[in-house]
$ cat coords26.pdb   # PDB, C-alpha atoms
ATOM      1  CA  MET A 277     -16.488 -56.941 -80.207
ATOM      2  CA  SER A 278     -12.893 -55.769 -79.880
ATOM      3  CA  LYS A 279     -11.848 -54.291 -76.545
ATOM      4  CA  LYS A 280     -11.151 -50.542 -76.496
ATOM      5  CA  ILE A 281      -7.737 -49.877 -75.004
ATOM      6  CA  TYR A 282      -7.015 -46.779 -72.917
ATOM      7  CA  VAL A 283      -3.377 -46.283 -71.924
ATOM      8  CA  VAL A 284      -2.657 -43.854 -69.091
ATOM      9  CA  THR A 285       0.976 -43.075 -68.346
ATOM     10  CA  GLY A 286       1.574 -41.904 -64.803
ATOM     11  CA  GLY A 287      -1.603 -43.811 -63.932
ATOM     12  CA  GLY A 288      -0.444 -44.926 -60.510
ATOM     13  CA  SER A 289      -1.654 -41.870 -58.605
ATOM     14  CA  GLY A 290      -3.139 -38.374 -58.773
ATOM     15  CA  MET A 291      -4.637 -37.181 -62.025
ATOM     16  CA  GLY A 292      -3.453 -40.248 -63.932
ATOM     17  CA  LEU A 293      -5.250 -42.634 -61.602
ATOM     18  CA  ALA A 294      -8.433 -40.532 -61.635
ATOM     19  CA  ILE A 295      -8.359 -40.513 -65.452
ATOM     20  CA  ALA A 296      -7.856 -44.280 -65.543
ATOM     21  CA  LYS A 297     -10.851 -44.798 -63.233
ATOM     22  CA  GLU A 298     -13.124 -42.581 -65.308
ATOM     23  CA  MET A 299     -12.113 -43.980 -68.684
ATOM     24  CA  GLY A 300     -12.423 -47.491 -67.308
ATOM     25  CA  LYS A 301     -16.193 -46.957 -66.963
ATOM     26  CA  ASN A 302     -16.598 -46.900 -70.742
ATOM     27  CA  GLU A 303     -18.101 -49.895 -72.507
ATOM     28  CA  ASP A 304     -15.583 -52.596 -73.501
ATOM     29  CA  ALA A 305     -12.762 -50.550 -71.939
ATOM     30  CA  VAL A 306      -9.459 -52.050 -70.869
ATOM     31  CA  VAL A 307      -7.175 -49.590 -69.093
ATOM     32  CA  VAL A 308      -3.407 -49.980 -69.045
ATOM     33  CA  ILE A 309      -1.648 -47.888 -66.410
ATOM     34  CA  CYS A 310       2.082 -47.494 -66.399
ATOM     35  CA  GLY A 311       4.778 -46.100 -64.162
ATOM     36  CA  ARG A 312       8.459 -46.637 -63.519
ATOM     37  CA  THR A 313       8.066 -49.609 -61.170
ATOM     38  CA  LEU A 314       5.407 -52.291 -61.004
ATOM     39  CA  SER A 315       5.345 -52.280 -57.190
ATOM     40  CA  LYS A 316       4.164 -48.653 -57.146
ATOM     41  CA  LEU A 317       1.328 -49.534 -59.518
ATOM     42  CA  GLU A 318      -0.044 -52.406 -57.441
ATOM     43  CA  ASN A 319      -2.117 -50.237 -55.093
ATOM     44  CA  ALA A 320      -3.570 -48.332 -58.048
ATOM     45  CA  LEU A 321      -4.421 -51.604 -59.747
ATOM     46  CA  VAL A 322      -6.315 -52.740 -56.640
ATOM     47  CA  GLN A 323      -8.298 -49.465 -56.583
ATOM     48  CA  LEU A 324      -9.164 -49.769 -60.253
ATOM     49  CA  LYS A 325     -10.350 -53.347 -59.947
ATOM     50  CA  GLU A 326     -12.413 -52.466 -56.863
ATOM     51  CA  ALA A 327     -14.071 -49.779 -59.002
ATOM     52  CA  GLY A 328     -14.949 -52.428 -61.569
ATOM     53  CA  VAL A 329     -12.319 -51.377 -64.097
ATOM     54  CA  ASP A 330     -10.685 -53.996 -66.310
ATOM     55  CA  ALA A 331      -7.114 -52.849 -65.754
ATOM     56  CA  ARG A 332      -3.527 -53.918 -66.395
ATOM     57  CA  ALA A 333      -0.265 -52.495 -65.055
ATOM     58  CA  PHE A 334       2.941 -52.154 -67.054
ATOM     59  CA  ALA A 335       6.294 -50.938 -65.737
ATOM     60  CA  CYS A 336       7.727 -48.368 -68.114
ATOM     61  CA  ASP A 337      10.184 -45.482 -68.090
ATOM     62  CA  MET A 338       8.523 -43.127 -70.569
ATOM     63  CA  SER A 339      11.814 -41.347 -71.276
ATOM     64  CA  ASN A 340      13.243 -44.679 -72.528
ATOM     65  CA  LEU A 341      12.274 -45.380 -76.143
ATOM     66  CA  GLU A 342      12.742 -49.152 -75.783
ATOM     67  CA  ASP A 343      10.432 -49.260 -72.745
ATOM     68  CA  VAL A 344       7.778 -47.229 -74.570
ATOM     69  CA  THR A 345       7.979 -49.562 -77.559
ATOM     70  CA  LYS A 346       7.282 -52.572 -75.327
ATOM     71  CA  LEU A 347       4.349 -50.725 -73.709
ATOM     72  CA  ALA A 348       2.798 -49.916 -77.087
ATOM     73  CA  GLU A 349       3.160 -53.511 -78.292
ATOM     74  CA  PHE A 350       1.581 -54.815 -75.087
ATOM     75  CA  ALA A 351      -1.343 -52.391 -75.228
ATOM     76  CA  ASN A 352      -2.003 -53.125 -78.897
ATOM     77  CA  SER A 353      -2.060 -56.874 -78.195
ATOM     78  CA  LEU A 354      -5.082 -56.366 -75.902
ATOM     79  CA  GLY A 355      -7.427 -54.812 -78.458
ATOM     80  CA  GLU A 356      -8.054 -51.621 -80.433
ATOM     81  CA  MET A 357      -6.300 -48.478 -79.227
ATOM     82  CA  LYS A 358      -8.888 -45.856 -78.272
ATOM     83  CA  CYS A 359      -6.893 -43.344 -76.280
ATOM     84  CA  LEU A 360      -3.404 -42.628 -75.023
ATOM     85  CA  VAL A 361      -3.194 -40.208 -72.098
ATOM     86  CA  ASN A 362       0.283 -38.960 -71.277
ATOM     87  CA  ALA A 363      -0.012 -37.955 -67.631
ATOM     88  CA  ALA A 364       3.486 -39.004 -66.567
ATOM     89  CA  GLY A 365       5.732 -36.194 -65.420
ATOM     90  CA  VAL A 366       7.604 -34.549 -62.576
ATOM     91  CA  SER A 367       7.091 -31.295 -60.713
ATOM     92  CA  ALA A 368       9.601 -28.449 -60.731
ATOM     93  CA  SER A 369      11.294 -29.628 -57.532
ATOM     94  CA  MET A 370      11.581 -33.317 -58.424
ATOM     95  CA  GLY A 371      14.763 -33.245 -60.471
ATOM     96  CA  SER A 372      17.512 -31.226 -62.108
ATOM     97  CA  LEU A 373      16.587 -28.630 -64.730
ATOM     98  CA  GLU A 374      17.637 -31.105 -67.413
ATOM     99  CA  LYS A 375      15.621 -33.957 -65.905
ATOM    100  CA  VAL A 376      12.453 -31.881 -65.568
ATOM    101  CA  ILE A 377      12.564 -30.902 -69.243
ATOM    102  CA  GLU A 378      13.594 -34.370 -70.413
ATOM    103  CA  ILE A 379      10.928 -36.292 -68.508
ATOM    104  CA  ASN A 380       8.033 -33.874 -69.033
ATOM    105  CA  LEU A 381       8.672 -33.240 -72.722
ATOM    106  CA  TYR A 382      10.323 -36.395 -74.023
ATOM    107  CA  SER A 383       7.893 -38.789 -72.392
ATOM    108  CA  VAL A 384       5.330 -37.211 -74.749
ATOM    109  CA  VAL A 385       7.628 -37.116 -77.785
ATOM    110  CA  ASN A 386       8.532 -40.791 -77.301
ATOM    111  CA  ALA A 387       4.949 -41.888 -76.698
ATOM    112  CA  MET A 388       3.527 -40.114 -79.738
ATOM    113  CA  LYS A 389       6.296 -41.421 -81.967
ATOM    114  CA  VAL A 390       5.964 -45.051 -80.826
ATOM    115  CA  PHE A 391       2.170 -45.243 -80.519
ATOM    116  CA  LYS A 392       1.490 -43.567 -83.876
ATOM    117  CA  PRO A 393       1.187 -46.800 -85.923
ATOM    118  CA  TYR A 394      -1.459 -48.100 -83.500
ATOM    119  CA  MET A 395      -3.675 -44.991 -83.412
ATOM    120  CA  GLY A 396      -6.397 -45.340 -86.045
ATOM    121  CA  LYS A 397      -9.708 -43.720 -86.877
ATOM    122  CA  GLY A 398     -11.652 -42.634 -83.799
ATOM    123  CA  SER A 399      -8.620 -42.689 -81.495
ATOM    124  CA  SER A 400      -7.068 -39.793 -79.607
ATOM    125  CA  ILE A 401      -3.940 -38.760 -77.759
ATOM    126  CA  ILE A 402      -4.318 -36.445 -74.773
ATOM    127  CA  ASN A 403      -1.181 -34.932 -73.256
ATOM    128  CA  ILE A 404      -1.393 -33.417 -69.776
ATOM    129  CA  GLY A 405       0.243 -30.012 -69.745
ATOM    130  CA  SER A 406      -0.019 -27.198 -67.218
ATOM    131  CA  CYS A 407      -1.233 -23.616 -66.946
ATOM    132  CA  THR A 408       2.403 -22.843 -66.193
ATOM    133  CA  ALA A 409       2.894 -22.914 -69.958
ATOM    134  CA  TYR A 410       1.071 -19.559 -70.085
ATOM    135  CA  MET A 411       2.785 -17.877 -67.162
ATOM    136  CA  TYR A 412       6.343 -17.315 -68.382
ATOM    137  CA  PRO A 413       7.390 -15.118 -71.319
ATOM    138  CA  LEU A 414       9.974 -17.119 -73.262
ATOM    139  CA  GLU A 415      12.549 -16.076 -75.836
ATOM    140  CA  PRO A 416      11.535 -16.744 -79.480
ATOM    141  CA  GLU A 417      14.531 -19.079 -79.730
ATOM    142  CA  VAL A 418      12.872 -21.487 -77.306
ATOM    143  CA  TYR A 419       9.959 -22.064 -79.684
ATOM    144  CA  GLU A 420      12.357 -22.653 -82.581
ATOM    145  CA  ILE A 421      14.249 -25.262 -80.556
ATOM    146  CA  ILE A 422      11.005 -27.001 -79.558
ATOM    147  CA  LYS A 423      10.095 -27.411 -83.239
ATOM    148  CA  ARG A 424      13.049 -29.782 -83.605
ATOM    149  CA  CYS A 425      12.329 -31.938 -80.580
ATOM    150  CA  ASP A 426      11.086 -34.968 -82.498
ATOM    151  CA  GLN A 427      14.129 -34.975 -84.780
ATOM    152  CA  GLU A 428      16.703 -34.719 -81.992
ATOM    153  CA  ASN A 429      17.011 -34.473 -78.231
ATOM    154  CA  VAL A 430      17.231 -30.731 -77.595
ATOM    155  CA  VAL A 431      17.163 -30.770 -73.780
ATOM    156  CA  LYS A 432      20.693 -29.392 -73.438
ATOM    157  CA  GLU A 433      19.769 -26.518 -75.755
ATOM    158  CA  LEU A 434      16.691 -25.659 -73.701
ATOM    159  CA  VAL A 435      18.295 -25.782 -70.231
ATOM    160  CA  PRO A 436      20.163 -22.425 -70.512
ATOM    161  CA  TYR A 437      16.841 -20.661 -71.132
ATOM    162  CA  ALA A 438      15.629 -21.834 -67.710
ATOM    163  CA  HIS A 439      18.137 -19.426 -66.116
ATOM    164  CA  ASP A 440      18.760 -21.819 -63.194
ATOM    165  CA  SER A 441      15.088 -21.697 -62.183
ATOM    166  CA  ASP A 442      13.232 -24.947 -61.415
ATOM    167  CA  ASP A 443       9.895 -23.259 -62.083
ATOM    168  CA  LEU A 444      11.048 -21.871 -65.424
ATOM    169  CA  ALA A 445      12.424 -25.265 -66.474
ATOM    170  CA  TYR A 446       9.018 -26.754 -65.671
ATOM    171  CA  GLY A 447       7.324 -23.986 -67.650
ATOM    172  CA  ILE A 448       9.563 -24.634 -70.653
ATOM    173  CA  SER A 449       8.778 -28.349 -70.498
ATOM    174  CA  LYS A 450       5.038 -27.627 -70.566
ATOM    175  CA  VAL A 451       5.339 -24.997 -73.299
ATOM    176  CA  GLY A 452       7.177 -27.677 -75.258
ATOM    177  CA  LEU A 453       4.442 -30.225 -74.578
ATOM    178  CA  VAL A 454       1.598 -27.906 -75.620
ATOM    179  CA  ASN A 455       3.307 -26.688 -78.792
ATOM    180  CA  TYR A 456       4.538 -30.133 -79.797
ATOM    181  CA  THR A 457       1.033 -31.560 -79.409
ATOM    182  CA  LYS A 458      -0.452 -28.848 -81.629
ATOM    183  CA  SER A 459       2.262 -29.356 -84.234
ATOM    184  CA  LYS A 460       1.317 -33.029 -84.667
ATOM    185  CA  CYS A 461      -2.390 -32.386 -85.322
ATOM    186  CA  LEU A 462      -2.387 -32.636 -89.127
ATOM    187  CA  GLU A 463      -0.005 -35.578 -89.224
ATOM    188  CA  PHE A 464      -2.116 -37.672 -86.837
ATOM    189  CA  MET A 465      -5.483 -36.482 -88.134
ATOM    190  CA  ALA A 466      -4.529 -37.884 -91.547
ATOM    191  CA  GLN A 467      -4.914 -41.333 -89.996
ATOM    192  CA  GLY A 468      -7.999 -40.436 -87.963
ATOM    193  CA  CYS A 469      -6.320 -39.795 -84.597
ATOM    194  CA  ARG A 470      -6.996 -36.563 -82.712
ATOM    195  CA  THR A 471      -4.199 -34.910 -80.685
ATOM    196  CA  LEU A 472      -4.937 -32.554 -77.794
ATOM    197  CA  SER A 473      -3.386 -31.262 -74.622
ATOM    198  CA  VAL A 474      -5.084 -30.409 -71.342
ATOM    199  CA  SER A 475      -3.532 -27.775 -69.086
ATOM    200  CA  PRO A 476      -4.713 -27.956 -65.465
ATOM    201  CA  GLY A 477      -4.286 -25.198 -62.935
ATOM    202  CA  ALA A 478      -3.918 -25.993 -59.229
ATOM    203  CA  VAL A 479      -5.086 -29.564 -58.614
ATOM    204  CA  LEU A 480      -5.073 -31.293 -55.240
ATOM    205  CA  THR A 481      -2.658 -34.176 -55.767
ATOM    206  CA  GLU A 482      -0.172 -35.739 -53.344
ATOM    207  CA  VAL A 483       2.491 -33.287 -54.482
ATOM    208  CA  MET A 484       0.262 -30.259 -53.908
ATOM    209  CA  GLU A 485      -0.925 -31.511 -50.519
ATOM    210  CA  LYS A 486       2.633 -30.961 -49.257
ATOM    211  CA  GLU A 487       2.494 -27.346 -50.455
ATOM    212  CA  LEU A 488      -0.991 -26.442 -49.187
ATOM    213  CA  GLU A 489       0.193 -24.056 -46.489
ATOM    214  CA  LYS A 490       2.339 -22.100 -48.944
ATOM    215  CA  ALA A 491      -0.422 -22.043 -51.548
ATOM    216  CA  LYS A 492      -3.392 -21.181 -49.311
ATOM    217  CA  ASP A 493      -3.558 -17.519 -50.398
ATOM    218  CA  PHE A 494      -3.493 -18.505 -54.068
ATOM    219  CA  ILE A 495      -6.149 -21.183 -53.542
ATOM    220  CA  ALA A 496      -8.383 -18.679 -51.770
ATOM    221  CA  SER A 497      -8.157 -16.376 -54.799
ATOM    222  CA  ILE A 498      -9.186 -18.945 -57.433
ATOM    223  CA  PRO A 499     -12.359 -17.536 -59.059
ATOM    224  CA  ALA A 500     -14.082 -20.940 -58.951
ATOM    225  CA  GLY A 501     -13.810 -20.785 -55.158
ATOM    226  CA  ARG A 502     -11.864 -24.012 -54.706
ATOM    227  CA  VAL A 503      -8.810 -25.918 -55.749
ATOM    228  CA  GLY A 504      -9.175 -28.417 -58.585
ATOM    229  CA  GLN A 505      -9.658 -32.122 -57.907
ATOM    230  CA  PRO A 506      -8.143 -34.959 -59.983
ATOM    231  CA  GLU A 507     -11.686 -35.927 -60.949
ATOM    232  CA  ASP A 508     -12.184 -32.536 -62.646
ATOM    233  CA  ILE A 509      -9.360 -33.403 -65.022
ATOM    234  CA  ALA A 510     -10.624 -36.964 -65.432
ATOM    235  CA  TYR A 511     -14.122 -35.859 -66.482
ATOM    236  CA  LEU A 512     -12.672 -33.521 -69.112
ATOM    237  CA  CYS A 513     -10.254 -36.102 -70.499
ATOM    238  CA  ASP A 514     -12.975 -38.752 -70.686
ATOM    239  CA  PHE A 515     -15.139 -36.383 -72.734
ATOM    240  CA  LEU A 516     -12.259 -35.400 -75.022
ATOM    241  CA  ALA A 517     -11.508 -39.085 -75.662
ATOM    242  CA  SER A 518     -15.129 -39.839 -76.525
ATOM    243  CA  ASP A 519     -16.805 -39.805 -79.919
ATOM    244  CA  LYS A 520     -18.796 -36.761 -78.736
ATOM    245  CA  ALA A 521     -15.573 -34.755 -79.077
ATOM    246  CA  GLU A 522     -14.663 -36.013 -82.553
ATOM    247  CA  TYR A 523     -14.486 -32.448 -83.958
ATOM    248  CA  ILE A 524     -12.006 -31.286 -81.313
ATOM    249  CA  THR A 525      -8.318 -31.602 -82.148
ATOM    250  CA  GLY A 526      -5.094 -29.616 -82.328
ATOM    251  CA  ILE A 527      -5.818 -27.444 -79.291
ATOM    252  CA  ASP A 528      -4.856 -27.014 -75.660
ATOM    253  CA  VAL A 529      -7.786 -27.031 -73.224
ATOM    254  CA  VAL A 530      -7.188 -25.006 -70.055
ATOM    255  CA  ILE A 531      -8.986 -26.197 -66.907
ATOM    256  CA  ASP A 532      -8.002 -23.912 -64.050
ATOM    257  CA  GLY A 533     -11.094 -22.536 -62.301
ATOM    258  CA  GLY A 534     -10.418 -19.123 -63.863
ATOM    259  CA  SER A 535      -6.893 -18.710 -62.471
ATOM    260  CA  LEU A 536      -5.304 -17.499 -65.711
ATOM    261  CA  ALA A 537      -8.107 -14.983 -66.191
ATOM    262  CA  LEU A 538      -7.424 -13.657 -62.687
ATOM    263  CA  ILE A 539      -3.683 -13.380 -63.346
ATOM    264  CA  ALA A 540      -4.411 -11.528 -66.606
ATOM    265  CA  SER A 541      -6.685  -9.070 -64.808
ATOM    266  CA  TYR A 542      -3.925  -8.307 -62.289
ATOM    267  CA  ALA A 543      -1.454  -7.749 -65.142
ATOM    268  CA  ASN A 544      -3.836  -5.348 -66.896
ATOM    269  CA  GLN A 545      -4.248  -3.299 -63.720
ATOM    270  CA  ASN A 546      -0.494  -2.775 -63.347
TER     271      ASN A 546
END
$ encode --input "coords26.pdb" --output "structure tokens"
Amino acid sequence: MSKKIYVVTGGGSGMGLAIAKEMGKNEDAVVVICGRTLSKLENALVQLKEAGVDARAFACDMSNLEDVTKLAEFANSLGEMKCLVNAAGVSASMGSLEKVIEINLYSVVNAMKVFKPYMGKGSSIINIGSCTAYMYPLEPEVYEIIKRCDQENVVKELVPYAHDSDDLAYGISKVGLVNYTKSKCLEFMAQGCRTLSVSPGAVLTEVMEKELEKAKDFIASIPAGRVGQPEDIAYLCDFLASDKAEYITGIDVVIDGGSLALIASYANQN
């Protein structure tokens, strides 16, 4: 029986690593994790193998089309592609406005473009977005620019709409990710591959741990009564990648403990 290949970009830590661990429990699964440098993936690889996961590591800059092409060829050589999870990305404070949009949006554009020939019937692509995509009102022009993002690199066109705000640049990158994923549904479904995005709210990763003190009031207000854990996202993604979810495609799934509902209730009161 052919091995089922699960590729998780950004699989070296946080949500990506949790997703890799969960998907690695599936029968005949081989998980390929990737990140910018192999040395940073070594610890994750040890954790995966200790958990009984058949795992490989592959160094890859997801914003580099040549790197992504090599990753896709490597993954396909191991067996039958079952799922590609694009969890690679940067937070609002981890780069310039241009870099945040480029890495968060074009890692997905590149991956979907390159992996497409390998994604057959019963496969899926899950792109990790963010609830931030629903928090900022954007000009209609932004959505028109995003529609062209697989024909040309439109980062420089999008940057002015961030108005020198790191948070807004991050929001634009995630709006782009969610809308781009939806736009590819029919194209990919024609070959039997489902395309979805998952938009987490506050999740306790290494990045968020540094911001806990600042975020404590927000965390205390989350209707679910707690901050999200990487495993929450992993459980959802594993289900969405499974055959049990074969009728689910072309949507964004929000997993935020009710945070967006709370924000909407505040807005309605004012």
$ residues_around --input "coords26.pdb" --residues "region 422-426 of chain A" --least-positions-apart "2" --cutoff "10 Å" --atoms "only C-alpha atoms" --output "MDAnalysis selection string"
chainID A and resid 381:382 384:386 388:389 417:420 428:431 433:434 448:449 451:453 455:456 459
$ resolve_selection --input "coords26.pdb" --expression "the PyMOL selection byres ((chain A and resi 407-411) around 10)" --output "VMD selection string"
chain A and resid 405 to 406 412 to 414 443 to 444 446 to 455 474 to 478 529 to 532 535 to 536 539 to 540
$ resolve_selection --input "coords26.pdb" --expression "the PyMOL selection byres ((chain A and resi 442) around 10)" --output "list in words"
Ser367, Ala368, Ser369, Met370, Gly371, Ser372, Leu373, Glu374, Val376, Ile377, Ala438, His439, Asp440, Ser441, Asp443, Leu444, Ala445, Tyr446, Gly447 and Ile448 of chain A
$ closest_atom_pairs --input "coords26.pdb" --of "region 350-441 of chain A" --to "region 297-316 of chain A" --cutoff "8 Å" --atoms "all atoms listed in the file" --output "JSON lines"
{"residue": "A:Ala351", "atom": "CA", "partner": "A:Val308", "partner_atom": "CA", "distance": 7.0}
{"residue": "A:Leu354", "atom": "CA", "partner": "A:Val306", "partner_atom": "CA", "distance": 7.9}
{"residue": "A:Ala364", "atom": "CA", "partner": "A:Gly311", "partner_atom": "CA", "distance": 7.6}
$ atom_distance --input "coords26.pdb" --atom1 "CA of Asn380 (chain A)" --atom2 "CA of Tyr282 (chain A)"
20.2 Å
$ residues_near_point --input "coords26.pdb" --point "(-5.9, -44.3, -78.6)" --cutoff "12 Å" --atoms "only C-alpha atoms" --output "PyMOL selection string"
chain A and resi 279-284+299+305-308+348+351-352+355-362+387-388+391-403+464+467-472+514+516-519
$ atom_distance --input "coords26.pdb" --atom1 "CA of Thr345 (chain A)" --atom2 "CA of Met291 (chain A)"
23.5 Å
$ closest_residue --input "coords26.pdb" --among "A:Val435, A:Leu538, A:Ala320, A:Ala500" --to "Phe334 (chain A)" --atoms "all atoms listed in the file"
A:Ala320
$ resolve_selection --input "coords26.pdb" --expression "the PyMOL selection byres ((chain A and resi 294) around 9)" --output "compact mmCIF listing (two decimals) with C-alpha atoms, in the frame of the given file"
# COMPACT_ATOMS: atom_id res chain seq x y z
CA GLY A 287 -1.60 -43.81 -63.93
CA SER A 289 -1.65 -41.87 -58.60
CA GLY A 290 -3.14 -38.37 -58.77
CA MET A 291 -4.64 -37.18 -62.02
CA GLY A 292 -3.45 -40.25 -63.93
CA LEU A 293 -5.25 -42.63 -61.60
CA ILE A 295 -8.36 -40.51 -65.45
CA ALA A 296 -7.86 -44.28 -65.54
CA LYS A 297 -10.85 -44.80 -63.23
CA GLU A 298 -13.12 -42.58 -65.31
CA MET A 299 -12.11 -43.98 -68.68
CA PRO A 506 -8.14 -34.96 -59.98
CA GLU A 507 -11.69 -35.93 -60.95
CA ASP A 508 -12.18 -32.54 -62.65
CA ILE A 509 -9.36 -33.40 -65.02
CA ALA A 510 -10.62 -36.96 -65.43
CA TYR A 511 -14.12 -35.86 -66.48
$ atom_distance --input "coords26.pdb" --atom1 "CA of Gly286 (chain A)" --atom2 "CA of Leu317 (chain A)"
9.3 Å
$ closest_residue --input "coords26.pdb" --among "A:Ile524, A:Pro416, A:Leu462, A:Ile495" --to "Tyr437 (chain A)" --atoms "all atoms listed in the file"
A:Pro416
$ closest_residue --input "coords26.pdb" --among "A:Ile421, A:Gln545, A:Ile404, A:Ala496" --to "Leu512 (chain A)" --atoms "only C-alpha atoms"
A:Ile404
